[in-house]
Every structure is written in structure tokens, then in C-alpha cells.
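Beneath this line is the structure, given in C-alpha cells, with notes to follow.
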Amino acid sequence: MLVLAVDTATLAVTAGVVELVPDSPPRLLAKRVTLNAKAHGELLTPHITDALAEAGKTFQDLDAIVVGAGPGPFTGLRVGLATAAALGQALNRPVYPVATPDALAKDAASGHPLLVATDARRKEVYWAAYDAAGRRTDGPHVERPQDLAAKLPALGVHQATGEGAEIYAEVLGLELLQAKHPSPEGLVAAAAAEVLAKARPAALTPLYLRRPDAVEPTGRKRVTRA
């Protein structure tokens with residue numbers, strides 16, 4: 001099966017074309033990744049078309065789409081989900097959402113209990129915990145690194161990966177692995193069982209974990225002096 005993988009839940013704008021066959025790890029055919037938290041909207045579609053061209057494939061060759069569902073910032077995250085949804089509808093292909101930390105856990109493949117932490121800004125991290133088999137045991141949550149560090153003994157993790165884990169390595173005090181942003185292969189690996197089974201995809205629900213900064217006004221502003 002030929003799968004398009006996209007993710008905009010971190011500062012990385014990620015698109016890749018991946019071949020998926022039963023009983024084998026996903027095989028990357030082409031990818032485009034740019035680290036720019038302010039250019040998800042401008043770069044994602046060109047990245048997709050460039051990756052397809054490099055792989056020698058067209059949109060019609062795709063069998064499925066996998067998209068990172070976060071957690072992540074509102075503006076960036078919705079770019080990936082909206083793009084994947086639009087392509088799925090236009091091509092009549094299934095779109096499978098995966099939690100972005102799940103993809104990073106697949107990339108790390110440490111074989112040990114693992115903490116995945118991405119940068120949530122505002123001096124916080126998005127985090128999730130995984131057992132030695134790569135199954136998520138807690139999260140995802142958003143929290144201050146200092147508060148998360150206090151929970152680490154109970155979580156039983158000794159390794160960490162993700163940009164948030166790197167930024168706050170001294171606070172968390174865990175062995176740091178190299179995966180900082182989800183790869184196309186990791187995204188597809190996280191959804192592989194569903195994709196190969198041609199299961200009905202879950203709803204494309206973004207994992208924001210925070211309320212929007214913009215709120216509806218509660219009353220009219222006074223524009224004249226009393």
C-alpha cells in the first residue's frame with residue numbers, strides 16, 4: 001500500500017510517501033521536512049507534491065493518508081488536518097489520524113519505557129508515556145516540565161525523546177534519544193495495523209489540550225467617555 005504521511009503538530013512541516021506491506025516496517029520512498037513553525041500553511045502542500053514527484057508517484061497512486069493529530073498549537077495543527085481531510089475527500093481515500101507522540105515513540109523504538117515530550121511553548125510540554133512494547137500508558141497531557149519531572153518515578157520511564165525532552169533535558173533528567181520530530185515512517189507505523197486492515201478511520205479530531213486564546217466577547221466595549 002502507498003501511504004501519504006503528513007504532520008504539522010510540531011515546528012516541523014513534514015510530508016512523506018511511504019510504502020507499507022504486511023510484516024515489514026514502513027519503507028520511505030521520499031520526504032520533505034522543513035523546521036519552520038510559522039510556515040505550515042505555505043509549505044505543506046508543496047512538500048506533498050515534491051515528495052510524490054521524487055517518489056515517481058501521483059495522488060491517484062495513494063491508497064491512504066496518515067496525519068498527525070497532535071497535540072500541538074492550534075494554527076499549525078489544523079493545517080495538517082485540514083489538508084489531509086481535503087485530499088482524502090478529493091481522492092476518495094481513507095485518512096487515519098494518529099497522535100503525534102505515538103509516531104515519535106515508533107521512531108525511537110527504544111525497547112524500554114519511554115517519555116515523549118514535544119514543545120508546547122509557554123514553558124510547557126505536551127507529553128505521553130509508553131511501555132517497553134511502545135504502547136501508550138499515559139497521556140497525552142500538557143504540563144510544566146517541573147511538574148512532569150515529579151511524576152517520572154511513578155511513570156517508570158528512564159528515556160525520553162522529542163523536542164520538549166531536549167529543551168528541558170536538565171529538568172527531566174532522563175537519557176535523551178535522538179527523535180525530535182515525527183518522521184513519515186513513524187506516522188505510518190503508528191497507523192499501520194488500521195491501514196493494512198482497511199479499517200474505518202477514526203474522526204479527524206485535533207488534540208489541542210488547551211482552550212483557544214481567542215474568546216468570545218462577553219459584552220460591548222464602551223467607545224465614548226462617561
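Each chain in the C-alpha cells gets a letter, A, B and so on, in the order shown; residues start at 1 in every chain, and ligands are counted from 1 in the order they appear.
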
Residues of region 79-162 of chain A at most 10 Å from region 9-28 of chain A: nearest atom pair and distance in Å, only C-alpha atoms, as CSV:
```
residue,atom,partner,partner_atom,distance
A:Val79,CA,A:Ala9,CA,9.0
A:Gly80,CA,A:Ala9,CA,7.8
A:Leu81,CA,A:Ala9,CA,9.5
A:Ala99,CA,A:Ala9,CA,9.4
A:Thr100,CA,A:Ala9,CA,7.0
A:Pro101,CA,A:Ala9,CA,9.7
A:Thr118,CA,A:Thr10,CA,7.3
A:Asp119,CA,A:Thr10,CA,7.4
A:Ala120,CA,A:Thr10,CA,8.6
A:Gly162,CA,A:Thr10,CA,9.7
```

| Shell of 12 Å around region 105-108 of chain A, only C-alpha atoms, local chain residues under 4 positions omitted, as a ChimeraX atom specification | /A:25-26,98-101,112-118,127-137,159-162,176-192

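Minimum atom-to-atom distance to Asn36 (chain A), evaluated using only C-alpha atoms, belongs to A:Gly76 out of A:Gly76, A:Gly70, A:Gly56, A:Gly111.
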
| request: For Leu148 (chain A), list every protein, DNA or RNA residue within 9 Å, evaluated using only C-alpha atoms, and leave out those in the same chain fewer than 4 positions away; present the list as a PyMOL selection string. | output: chain A and resi 125+127+143-144+152+172

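Across the structure, CA of Ala37 (chain A) and CA of Arg93 (chain A) are spaced 27.9 Å apart.
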
| request: Determine which residues of region 28-200 of chain A DSSP labels as helix (DSSP H, G or I) from the backbone of this structure, then write them out as a PyMOL selection string. | output: chain A and resi 40-55+59-61+74-91+100-108+145-155+163-167+169-172+184-197

List every residue of region 62-169 of chain A that has an atom at most 12 Å from any atom of region 44-48 of chain A, giving for each one its closest atom pair and the distance in Å to one decimal, counting only C-alpha atoms, sorted by chain and then by ascending residue number, as a Markdown table.
```
| residue | atom | partner | partner_atom | distance |
| --- | --- | --- | --- | --- |
| A:Leu62 | CA | A:Ile48 | CA | 11.8 |
| A:Ile65 | CA | A:Ile48 | CA | 11.3 |
| A:Val67 | CA | A:Leu44 | CA | 11.9 |
| A:Gly76 | CA | A:Leu44 | CA | 10.4 |
| A:Leu77 | CA | A:Leu44 | CA | 11.5 |
| A:Arg78 | CA | A:Leu44 | CA | 11.7 |
| A:Val79 | CA | A:Leu44 | CA | 8.0 |
| A:Gly80 | CA | A:Leu44 | CA | 7.5 |
| A:Leu81 | CA | A:Leu44 | CA | 11.0 |
| A:Ala82 | CA | A:Leu44 | CA | 11.0 |
| A:Thr83 | CA | A:Thr45 | CA | 7.8 |
| A:Ala84 | CA | A:Thr45 | CA | 9.9 |
| A:Ala86 | CA | A:Thr45 | CA | 11.3 |
| A:Leu87 | CA | A:Thr45 | CA | 10.3 |
```

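Of the listed residues (A:Val142, A:Ala202, A:Ile167, A:Ala197), A:Val142 comes nearest to Tyr126 (chain A); the distances count only C-alpha atoms.
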
| From the set A:Thr34, A:Gln60, A:Thr49, A:Gln146, which residue has the shortest atom-to-atom contact distance to Val171 (chain A), counting only C-alpha atoms? |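 The shortest atom-to-atom distance to Val171 (chain A) comes from A:Gln146.
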
| field | Those in region 40-88 of chain A with strand (DSSP E or B) from DSSP, as a PyMOL selection string | value | chain A and resi 64-68

Please save all heavy atoms of the selected residues as a compact mmCIF listing (two decimals), in the first residue's frame.
```
# COMPACT_ATOMS: atom_id res chain seq x y z
N ALA A 64 -3.92 5.48 0.97
CA ALA A 64 -4.39 6.02 2.25
C ALA A 64 -3.54 7.23 2.63
O ALA A 64 -2.46 7.45 2.07
CB ALA A 64 -4.32 4.96 3.34
N ILE A 65 -4.05 7.98 3.59
CA ILE A 65 -3.35 9.15 4.12
C ILE A 65 -3.30 9.01 5.64
O ILE A 65 -4.30 8.62 6.27
CB ILE A 65 -4.07 10.46 3.74
CG1 ILE A 65 -4.12 10.60 2.21
CG2 ILE A 65 -3.37 11.68 4.36
CD1 ILE A 65 -5.06 11.68 1.73
N VAL A 66 -2.14 9.30 6.22
CA VAL A 66 -1.98 9.31 7.67
C VAL A 66 -1.57 10.72 8.08
O VAL A 66 -0.70 11.32 7.46
CB VAL A 66 -0.91 8.29 8.12
CG1 VAL A 66 -0.59 8.46 9.60
CG2 VAL A 66 -1.39 6.87 7.85
N VAL A 67 -2.21 11.23 9.13
CA VAL A 67 -1.93 12.60 9.56
C VAL A 67 -1.76 12.66 11.07
O VAL A 67 -2.50 12.02 11.82
CB VAL A 67 -3.07 13.56 9.11
CG1 VAL A 67 -4.43 13.13 9.66
CG2 VAL A 67 -2.77 15.00 9.51
N GLY A 68 -0.77 13.42 11.51
CA GLY A 68 -0.58 13.66 12.93
C GLY A 68 -1.69 14.52 13.48
O GLY A 68 -1.98 15.59 12.95
```

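Closest approach to Gly139 (chain A) among A:Gly88, A:Pro153, A:Gly41, A:Pro71 is made by A:Pro71 (distances from only C-alpha atoms).
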